[in-house]
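Taking it in order: structure first as structure tokens, then the write-up.
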Amino acid sequence: MKRSAGVLFSGVIAGVLGGSVLVGCSAPSVTGGDTKCKDFLGADQSTQTQAVSKMLKDEKGADAPSLEITGTRLSVQTWCQTAGTQDSAIKEAPHL
């Protein structure tokens with residue numbers, strides 16, 4: 001009985017540690033305006049919104065309205081897919 005409990009405990013620990021390693025490796029870096037186009041384009045919409053929101057807050061010193069965040073996210077997305085390079089920072093994209 002003790003052995004099966006030890007094996008179960010080891011399996012749970014390995015699963016938790018393995019899961020945290022996988023999560024840590026797959027998440028793109030969200031650093032506001034310094035986020036690279038390759039990370040921005042590889043991120044989901046929520047992560048893109050976080051990056052743009054942080055960029056606008058850093059620039060203006062206050063939270064931007066939702067409409068501005070959405071418009072800027074779409075502008076940055078288009079710019080990264082056309083004129084920007086993979087290593088371009090999203091703050092280089094034209095925005096208000």
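Identifiers for the structure tokens are assigned positionally: chains receive A, B, ... in sequence, residues are indexed from 1 per chain, and ligands are indexed from 1 in the order shown.
Proximity to Gln45 in chain A at 10 Å, evaluated using only C-alpha atoms and with sequence-adjacent residues fewer than 6 positions away removed, yields A:Ala51, A:Thr70, A:Arg73.
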Could you save those same residues with N, CA and C atoms as a PDB file, in the first residue's frame?
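Below is the file part.pdb, written as the result:
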```
ATOM      1  N   ALA A  51      -0.694  43.131 -24.787  1.00  0.00           N
ATOM      2  CA  ALA A  51       0.523  43.805 -25.246  1.00  0.00           C
ATOM      3  C   ALA A  51       0.218  45.223 -25.705  1.00  0.00           C
ATOM      4  N   THR A  70      -8.530  48.038 -29.439  1.00  0.00           N
ATOM      5  CA  THR A  70      -8.903  47.146 -30.541  1.00  0.00           C
ATOM      6  C   THR A  70      -8.384  47.675 -31.874  1.00  0.00           C
ATOM      7  N   ARG A  73      -4.631  47.277 -31.987  1.00  0.00           N
ATOM      8  CA  ARG A  73      -4.260  45.864 -32.146  1.00  0.00           C
ATOM      9  C   ARG A  73      -4.376  45.438 -33.601  1.00  0.00           C
TER      10      ARG A  73
END
```
task = Might you pull out every residue within 12 Å of Cys80 in chain A, with only C-alpha atoms counted and same-chain residues fewer than 4 positions away left off, and present them as a PyMOL selection string?
result = chain A and resi 35-42+72-76+84-94
task = Determine, counting only C-alpha atoms, which protein, DNA and RNA residues have an atom within 7 Å of an atom of Ile69 in chain A; residues of the same chain fewer than 6 positions away are not included. Present the result as number ranges by chain.
result = A: 49, 52-53
Write the selection just made, keeping N, CA and C atoms, as a PDB file, in the first residue's frame?
```
ATOM      1  N   THR A  49      -4.018  41.757 -27.144  1.00  0.00           N
ATOM      2  CA  THR A  49      -4.703  42.885 -26.511  1.00  0.00           C
ATOM      3  C   THR A  49      -3.932  43.358 -25.287  1.00  0.00           C
ATOM      4  N   VAL A  52      -0.850  45.377 -26.486  1.00  0.00           N
ATOM      5  CA  VAL A  52      -1.222  46.700 -26.995  1.00  0.00           C
ATOM      6  C   VAL A  52      -1.678  47.600 -25.847  1.00  0.00           C
ATOM      7  N   SER A  53      -2.456  47.060 -24.937  1.00  0.00           N
ATOM      8  CA  SER A  53      -2.933  47.837 -23.797  1.00  0.00           C
ATOM      9  C   SER A  53      -1.765  48.357 -22.970  1.00  0.00           C
TER      10      SER A  53
END
```
key: For CA of Asp58 in chain A and CA of Asp44 in chain A, the interatomic separation in Å (one decimal)   =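 Result for CA of Asp58 in chain A versus CA of Asp44 in chain A: 21.4 Å, one decimal.
Distances here use only C-alpha atoms; by that measure, the residue among A:Gly33, A:His95, A:Trp79, A:Leu67 closest to Met55 in chain A is A:Gly33.
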